[in-house]
Amino acid sequence: MHPYVRYLLGRLATYAGVVFFAILINFIIPRMIPGDPIKMILGKLLLQGTKVGGEELVEAYKRMFGLEGDIWTQFVCYLRELLRGNLGYSIANFPATVMELIHMALPWTIGLLSVTVVLAWIIGSILGALAGWKGAESKVWGYVAPFALVFSIIPYYMFAVILVFLLAYLIPIFPMSGAYSIGMIPSLSWSFIVDVIRHSILPALSILITSLGWWFLSMRSLIIMIKGEDYILMAEAKGLKEKTILWSYAFRNAMLPQTTGLTLALGNIVGGALLTEIVFAYPGMGWLLYNAITSLDYPVIQGVVLIIILAVCTATFIIDMIYPFIDPRIRYGAE
Amino acid sequence: MGLSSMRKESLPIERSRLGAFTRRAKAVLKEVFSNNKLKVGFIMLVVIALMGVVGRRMLPYDPLAAGIFMIDQPPNPKHILGTDSLGRDIFAQLLLGIENSLTIGFIVAIIGTVVGSTIGFVAGYYGGIVDAVLRSITDIFLVIPMLPLLILISSFVRVVDIWMMAMILSIFAWAWPARQIRAQVLSLKERDFVYMAKLSGMGSMEIIFIELMPHMFQWMGANFFNSVVWAILTEAGVEFLGLGPQNTMTLGMILYWAMYHAAVFRGMWWWWVPPIIMIVLIAVSLYLIHIGLDEIVNPRLRRL
C-alpha cells in the first residue's frame, strides 16, 4: 500500500472512532438519566401551552428514540435515523426540525471560524518565527512575549466580554450583538454585507487575538529550539542568506509540529468560539446551543453537539490530508 | 548538574534506598527553588488559595443568601466589590468561587494524572496489541471536541455540586497525560537499568513502580499543573452556559450570573471583572509552575 494511503486510512480510523464515540454518548446519556424522556418532553410542551402537534411530536419522538425493544434494536433504530439526517424535532420551536435550525446557524459559525482560525494561525506563526529568530538581539520581541502569554491563556469568551464592554458599551464603535442590524433583510446587497462585516469584527477579534497568542508562543519556542540544530549552523557556514535560513530551513521544519498542533487544538478552538457567540448573541451554533440549554430543548442540544463534532472531524481530516505535502517523510513512508 | 547526577544516583546498584532518596530529594528541591518561574507561580498560587480557603471563612457575609443587602451597589467600604442584582456580596462570592474552582481543578487533575499515567505506563511498557488499543482510544479522546460533549453530558446530568462537576470533567482529563507518559516510557524502557532490573528477576509491575516511576515524577508534576489549568478553564466554559454546580458558587458561575443579569450592558463592571481577572491569575500561576517544572525536566527549554 502506498504510504500516503496507509497514513490516511489510519487517520480516518481515528475520526471514525471519534464520531462513533460521540454518537454513542449521544445515545447513552439520555437513557442513563432517570425518567422517561417522552414524559419530560410532554411536560415541557404543557409548560409552553403547546397543544397543536403535540401528538405528532411524541410519535416522531418515539420513532426517533426507538423506545420499543431492547437496547440493541434501539441503537440500530437510532443509527438508521441519523443516517437519514433525521435529528428529530425541536421542542422550543416545534414545527421546526433540528436539522432546519442547524442549517440556519451553521453558515454563520463556519464563516466566522474559518477566517479567524486560519488568519490567527498564519499571522501567529509568522510573528512567532520572527520573535524566535530575532529574540536575543531585539528588545521589542522580549516585551511581546508576556502579553502573548496572557492572551493565550485568557479564554476567548472572557476576552469577548472585555471587548464588548470596551468597544460596544464604553466607546460604542461596534454593535453590541447580533450578526446584522435588526430590520435588515439578508440579501447580497452592498449595505447588508457591510453591516454583516461590522457585526462580525468584535467576535472575530476576540477569537483572533487570543488564538494568535497561542500560535505565536508555540512557533517562537519551536524556532528557538531549531536555532540550535546543526543544520542551521551548516546553512550559516555555507553562507546562505539569513532570510533563506529562517524561512526555508527553520520555519519550514517548525511548520510540522505547528500543523499537528492545529489539528489537536481545533476542537478546543471551536468549543471556545461557541461560547464567544453567546457573548455577542451571534446567530451561529453556539447561540443555538445556548438557547437550547436555557429552554431545555434536548433534541437541539444533541443535534448541535453531533454536528459540531462531525464538522471538527471533517476539518481536521482535511488538514491531515494536506499534511503529507508539508512533511515528505509521510509522503514517502520513511519513519 | 541536576538531571544527569540524579540519574546516576538512581541506578539500581545503589540499594541503600533511603540515603539515595533523601539526597535526590534535596537535589530536586534545590533545583525547584532556583527556578524563578516556578517560584513566582507557586507564591501566586499559595496567596490566591489562602484568599479562598482562609479568607472566605473570615468574611462574615453569606455569598449565597439573596436579598440581604441593597442590590447593584458599586464597590464601597462595606462591600469592596459591591453587590449583585440579588443583593449578594460579590467579594464573598469571589472567595468561595476561588476555593470551589481550585478544588474542582485539583480533583480533576489528580484523577486525570493517576488514570492517564497508569494507561500511559501500561501502553508504553507492554507495547504490542495493548499499546495499539490504548493508543487508539487515547487518540480519539485527544481529537474529540470536549466542550460540546461536556455540555451535552452536563445538560442531561443536572450538575448539583462541585464533585459531580469534577467527575464529569475527569472523563476527558486523562488522555493528554496518557500520551505524554507513554512517549516518556517508550524512551526510558530501553535503558540499561531496566534490563538490569529484568535480569534480576523483577516483575513488570515492580519495574514500572520502582524503576520507571521515580524518573517520571517531574514529568507527571509538570503535566499535573497543566491538567489543573485545563480543568479550571474548561469548567469555567461549561459554567458560562449555566451548567455548573447549582448549589454553590464557582468563578465560572459568577460570570454566568453576571451575563444572565446583563451586567456588561448595565455598566456593572465590578460583577464580571473580578472573576475574569481571578481566573486569568490562577491560570497564569499554574502555567508558570508548569513551565518551571518543564524547564527542570527538559533543560533545553531554559534558553527560551
# chains A, B, ... in the order shown; residues from 1 in each chain; ligands from 1
>>> interface_residues(of="chain A", to="chain B", cutoff="7 Å", atoms="only C-alpha atoms", output="ChimeraX atom specification")
/A:14,17-18,29-30,33,153-154,158,165,169,221,224,264,267-268,271,290,293,301-302,305,309
>>> write_last_selection(atoms="C-alpha atoms", output="mmCIF file, in the first residue's frame")
data_model
loop_
_atom_site.group_PDB
_atom_site.id
_atom_site.type_symbol
_atom_site.label_atom_id
_atom_site.label_comp_id
_atom_site.auth_asym_id
_atom_site.auth_seq_id
_atom_site.Cartn_x
_atom_site.Cartn_y
_atom_site.Cartn_z
ATOM 1 C CA THR A 14 -9.345 7.685 14.392
ATOM 2 C CA GLY A 17 -13.756 6.298 16.263
ATOM 3 C CA VAL A 18 -14.390 9.893 17.363
ATOM 4 C CA ILE A 29 -26.715 9.766 28.128
ATOM 5 C CA PRO A 30 -30.471 10.394 27.663
ATOM 6 C CA ILE A 33 -30.727 9.617 33.420
ATOM 7 C CA ILE A 153 -4.355 31.862 28.496
ATOM 8 C CA ILE A 154 -7.478 34.021 28.687
ATOM 9 C CA MET A 158 -13.854 36.230 28.530
ATOM 10 C CA PHE A 165 -17.563 46.342 27.339
ATOM 11 C CA TYR A 169 -20.571 49.826 25.729
ATOM 12 C CA SER A 221 9.750 28.241 21.141
ATOM 13 C CA ILE A 224 14.421 28.850 19.325
ATOM 14 C CA LEU A 264 -5.105 18.920 18.063
ATOM 15 C CA GLY A 267 -11.687 21.018 18.851
ATOM 16 C CA ASN A 268 -10.820 23.436 21.657
ATOM 17 C CA GLY A 271 -15.545 24.956 21.689
ATOM 18 C CA TYR A 290 -27.215 28.266 24.450
ATOM 19 C CA ILE A 293 -29.907 24.789 27.025
ATOM 20 C CA ILE A 301 -28.585 20.140 22.195
ATOM 21 C CA GLN A 302 -27.900 16.621 20.943
ATOM 22 C CA VAL A 305 -23.204 18.669 19.566
ATOM 23 C CA ILE A 309 -18.137 17.045 16.271
#
>>> residues_around(residues="A:Leu288", least_positions_apart="3", cutoff="10 Å", atoms="only C-alpha atoms", output="PyMOL selection string")
chain A and resi 101-102+104-106+274+277-278+281-285+291-293+300-301+304
>>> closest_residue(among="B:Trp176, B:Trp163, B:Phe106, B:Phe42", to="B:Arg135", atoms="only C-alpha atoms")
B:Trp176
>>> closest_residue(among="A:Ala254, A:Val98, A:Ala315, A:Ile171", to="A:Met225", atoms="only C-alpha atoms")
A:Ala254
>>> atom_distance(atom1="atom CA of B:Glu211", atom2="atom CA of B:Met196")
10.1 Å
>>> decode(residues="stretch 198-238 of chain B", atoms="N, CA and C atoms", output="PDB file, in the first residue's frame")
ATOM      1  N   LYS B 198      15.176  -6.376  34.882  1.00  0.00           N
ATOM      2  CA  LYS B 198      14.559  -7.582  34.338  1.00  0.00           C
ATOM      3  C   LYS B 198      15.429  -8.795  34.646  1.00  0.00           C
ATOM      4  N   LEU B 199      16.741  -8.620  34.443  1.00  0.00           N
ATOM      5  CA  LEU B 199      17.669  -9.729  34.694  1.00  0.00           C
ATOM      6  C   LEU B 199      17.630 -10.154  36.149  1.00  0.00           C
ATOM      7  N   SER B 200      17.485  -9.167  37.043  1.00  0.00           N
ATOM      8  CA  SER B 200      17.490  -9.504  38.460  1.00  0.00           C
ATOM      9  C   SER B 200      16.157 -10.082  38.902  1.00  0.00           C
ATOM     10  N   GLY B 201      15.234 -10.281  37.947  1.00  0.00           N
ATOM     11  CA  GLY B 201      14.025 -11.022  38.249  1.00  0.00           C
ATOM     12  C   GLY B 201      12.857 -10.183  38.734  1.00  0.00           C
ATOM     13  N   MET B 202      12.879  -8.891  38.504  1.00  0.00           N
ATOM     14  CA  MET B 202      11.751  -8.065  38.924  1.00  0.00           C
ATOM     15  C   MET B 202      10.589  -8.250  37.953  1.00  0.00           C
ATOM     16  N   GLY B 203       9.364  -8.194  38.480  1.00  0.00           N
ATOM     17  CA  GLY B 203       8.186  -8.315  37.633  1.00  0.00           C
ATOM     18  C   GLY B 203       7.870  -6.996  36.935  1.00  0.00           C
ATOM     19  N   SER B 204       6.950  -7.049  35.979  1.00  0.00           N
ATOM     20  CA  SER B 204       6.605  -5.835  35.205  1.00  0.00           C
ATOM     21  C   SER B 204       6.134  -4.711  36.109  1.00  0.00           C
ATOM     22  N   MET B 205       5.229  -5.053  37.042  1.00  0.00           N
ATOM     23  CA  MET B 205       4.669  -4.017  37.905  1.00  0.00           C
ATOM     24  C   MET B 205       5.755  -3.409  38.773  1.00  0.00           C
ATOM     25  N   GLU B 206       6.653  -4.295  39.285  1.00  0.00           N
ATOM     26  CA  GLU B 206       7.762  -3.800  40.108  1.00  0.00           C
ATOM     27  C   GLU B 206       8.629  -2.835  39.302  1.00  0.00           C
ATOM     28  N   ILE B 207       8.912  -3.220  38.056  1.00  0.00           N
ATOM     29  CA  ILE B 207       9.754  -2.362  37.225  1.00  0.00           C
ATOM     30  C   ILE B 207       9.064  -1.026  36.981  1.00  0.00           C
ATOM     31  N   ILE B 208       7.755  -1.094  36.675  1.00  0.00           N
ATOM     32  CA  ILE B 208       7.031   0.152  36.414  1.00  0.00           C
ATOM     33  C   ILE B 208       7.080   1.059  37.642  1.00  0.00           C
ATOM     34  N   PHE B 209       6.768   0.465  38.840  1.00  0.00           N
ATOM     35  CA  PHE B 209       6.632   1.330  40.008  1.00  0.00           C
ATOM     36  C   PHE B 209       7.972   1.700  40.631  1.00  0.00           C
ATOM     37  N   ILE B 210       8.917   0.741  40.691  1.00  0.00           N
ATOM     38  CA  ILE B 210      10.161   1.021  41.400  1.00  0.00           C
ATOM     39  C   ILE B 210      11.214   1.635  40.489  1.00  0.00           C
ATOM     40  N   GLU B 211      11.315   1.137  39.262  1.00  0.00           N
ATOM     41  CA  GLU B 211      12.390   1.616  38.393  1.00  0.00           C
ATOM     42  C   GLU B 211      11.976   2.801  37.517  1.00  0.00           C
ATOM     43  N   LEU B 212      10.795   2.704  36.888  1.00  0.00           N
ATOM     44  CA  LEU B 212      10.424   3.751  35.938  1.00  0.00           C
ATOM     45  C   LEU B 212       9.787   4.964  36.609  1.00  0.00           C
ATOM     46  N   MET B 213       8.891   4.691  37.545  1.00  0.00           N
ATOM     47  CA  MET B 213       8.114   5.770  38.148  1.00  0.00           C
ATOM     48  C   MET B 213       8.962   6.917  38.677  1.00  0.00           C
ATOM     49  N   PRO B 214      10.040   6.639  39.461  1.00  0.00           N
ATOM     50  CA  PRO B 214      10.810   7.753  40.021  1.00  0.00           C
ATOM     51  C   PRO B 214      11.350   8.709  38.954  1.00  0.00           C
ATOM     52  N   HIS B 215      11.613   8.182  37.754  1.00  0.00           N
ATOM     53  CA  HIS B 215      12.116   9.062  36.701  1.00  0.00           C
ATOM     54  C   HIS B 215      11.027   9.937  36.127  1.00  0.00           C
ATOM     55  N   MET B 216       9.785   9.541  36.395  1.00  0.00           N
ATOM     56  CA  MET B 216       8.684  10.236  35.750  1.00  0.00           C
ATOM     57  C   MET B 216       8.033  11.267  36.652  1.00  0.00           C
ATOM     58  N   PHE B 217       8.433  11.314  37.938  1.00  0.00           N
ATOM     59  CA  PHE B 217       7.705  12.180  38.857  1.00  0.00           C
ATOM     60  C   PHE B 217       7.655  13.626  38.383  1.00  0.00           C
ATOM     61  N   GLN B 218       8.807  14.132  37.901  1.00  0.00           N
ATOM     62  CA  GLN B 218       8.798  15.530  37.479  1.00  0.00           C
ATOM     63  C   GLN B 218       7.936  15.731  36.246  1.00  0.00           C
ATOM     64  N   TRP B 219       8.011  14.759  35.340  1.00  0.00           N
ATOM     65  CA  TRP B 219       7.142  14.820  34.162  1.00  0.00           C
ATOM     66  C   TRP B 219       5.691  14.859  34.579  1.00  0.00           C
ATOM     67  N   MET B 220       5.359  13.943  35.494  1.00  0.00           N
ATOM     68  CA  MET B 220       3.980  13.877  35.941  1.00  0.00           C
ATOM     69  C   MET B 220       3.594  15.169  36.641  1.00  0.00           C
ATOM     70  N   GLY B 221       4.547  15.738  37.385  1.00  0.00           N
ATOM     71  CA  GLY B 221       4.276  17.002  38.059  1.00  0.00           C
ATOM     72  C   GLY B 221       3.970  18.109  37.076  1.00  0.00           C
ATOM     73  N   ALA B 222       4.805  18.251  36.045  1.00  0.00           N
ATOM     74  CA  ALA B 222       4.593  19.291  35.039  1.00  0.00           C
ATOM     75  C   ALA B 222       3.240  19.093  34.373  1.00  0.00           C
ATOM     76  N   ASN B 223       2.934  17.844  34.060  1.00  0.00           N
ATOM     77  CA  ASN B 223       1.653  17.526  33.450  1.00  0.00           C
ATOM     78  C   ASN B 223       0.492  17.831  34.361  1.00  0.00           C
ATOM     79  N   PHE B 224       0.714  17.554  35.645  1.00  0.00           N
ATOM     80  CA  PHE B 224      -0.353  17.732  36.623  1.00  0.00           C
ATOM     81  C   PHE B 224      -0.855  19.171  36.612  1.00  0.00           C
ATOM     82  N   PHE B 225       0.091  20.126  36.644  1.00  0.00           N
ATOM     83  CA  PHE B 225      -0.342  21.520  36.714  1.00  0.00           C
ATOM     84  C   PHE B 225      -0.982  21.968  35.410  1.00  0.00           C
ATOM     85  N   ASN B 226      -0.534  21.366  34.306  1.00  0.00           N
ATOM     86  CA  ASN B 226      -1.184  21.615  33.037  1.00  0.00           C
ATOM     87  C   ASN B 226      -2.638  21.152  33.089  1.00  0.00           C
ATOM     88  N   SER B 227      -2.857  19.982  33.717  1.00  0.00           N
ATOM     89  CA  SER B 227      -4.214  19.459  33.838  1.00  0.00           C
ATOM     90  C   SER B 227      -5.087  20.370  34.699  1.00  0.00           C
ATOM     91  N   VAL B 228      -4.497  20.919  35.773  1.00  0.00           N
ATOM     92  CA  VAL B 228      -5.290  21.799  36.631  1.00  0.00           C
ATOM     93  C   VAL B 228      -5.753  23.010  35.835  1.00  0.00           C
ATOM     94  N   VAL B 229      -4.826  23.618  35.065  1.00  0.00           N
ATOM     95  CA  VAL B 229      -5.205  24.775  34.242  1.00  0.00           C
ATOM     96  C   VAL B 229      -6.340  24.384  33.308  1.00  0.00           C
ATOM     97  N   TRP B 230      -6.149  23.267  32.623  1.00  0.00           N
ATOM     98  CA  TRP B 230      -7.157  22.814  31.672  1.00  0.00           C
ATOM     99  C   TRP B 230      -8.498  22.659  32.361  1.00  0.00           C
ATOM    100  N   ALA B 231      -8.483  22.004  33.526  1.00  0.00           N
ATOM    101  CA  ALA B 231      -9.738  21.726  34.219  1.00  0.00           C
ATOM    102  C   ALA B 231     -10.430  23.020  34.625  1.00  0.00           C
ATOM    103  N   ILE B 232      -9.667  23.979  35.158  1.00  0.00           N
ATOM    104  CA  ILE B 232     -10.308  25.206  35.645  1.00  0.00           C
ATOM    105  C   ILE B 232     -10.880  26.017  34.485  1.00  0.00           C
ATOM    106  N   LEU B 233     -10.141  26.088  33.378  1.00  0.00           N
ATOM    107  CA  LEU B 233     -10.641  26.853  32.230  1.00  0.00           C
ATOM    108  C   LEU B 233     -11.844  26.164  31.584  1.00  0.00           C
ATOM    109  N   THR B 234     -11.778  24.833  31.443  1.00  0.00           N
ATOM    110  CA  THR B 234     -12.898  24.118  30.826  1.00  0.00           C
ATOM    111  C   THR B 234     -14.142  24.201  31.692  1.00  0.00           C
ATOM    112  N   GLU B 235     -13.912  24.042  32.998  1.00  0.00           N
ATOM    113  CA  GLU B 235     -15.005  24.139  33.958  1.00  0.00           C
ATOM    114  C   GLU B 235     -15.708  25.498  33.813  1.00  0.00           C
ATOM    115  N   ALA B 236     -14.897  26.559  33.722  1.00  0.00           N
ATOM    116  CA  ALA B 236     -15.476  27.891  33.577  1.00  0.00           C
ATOM    117  C   ALA B 236     -16.300  27.973  32.298  1.00  0.00           C
ATOM    118  N   GLY B 237     -15.836  27.303  31.240  1.00  0.00           N
ATOM    119  CA  GLY B 237     -16.569  27.318  29.969  1.00  0.00           C
ATOM    120  C   GLY B 237     -17.928  26.652  30.091  1.00  0.00           C
ATOM    121  N   VAL B 238     -17.969  25.495  30.748  1.00  0.00           N
ATOM    122  CA  VAL B 238     -19.247  24.795  30.914  1.00  0.00           C
ATOM    123  C   VAL B 238     -20.180  25.620  31.794  1.00  0.00           C
TER     124      VAL B 238
END
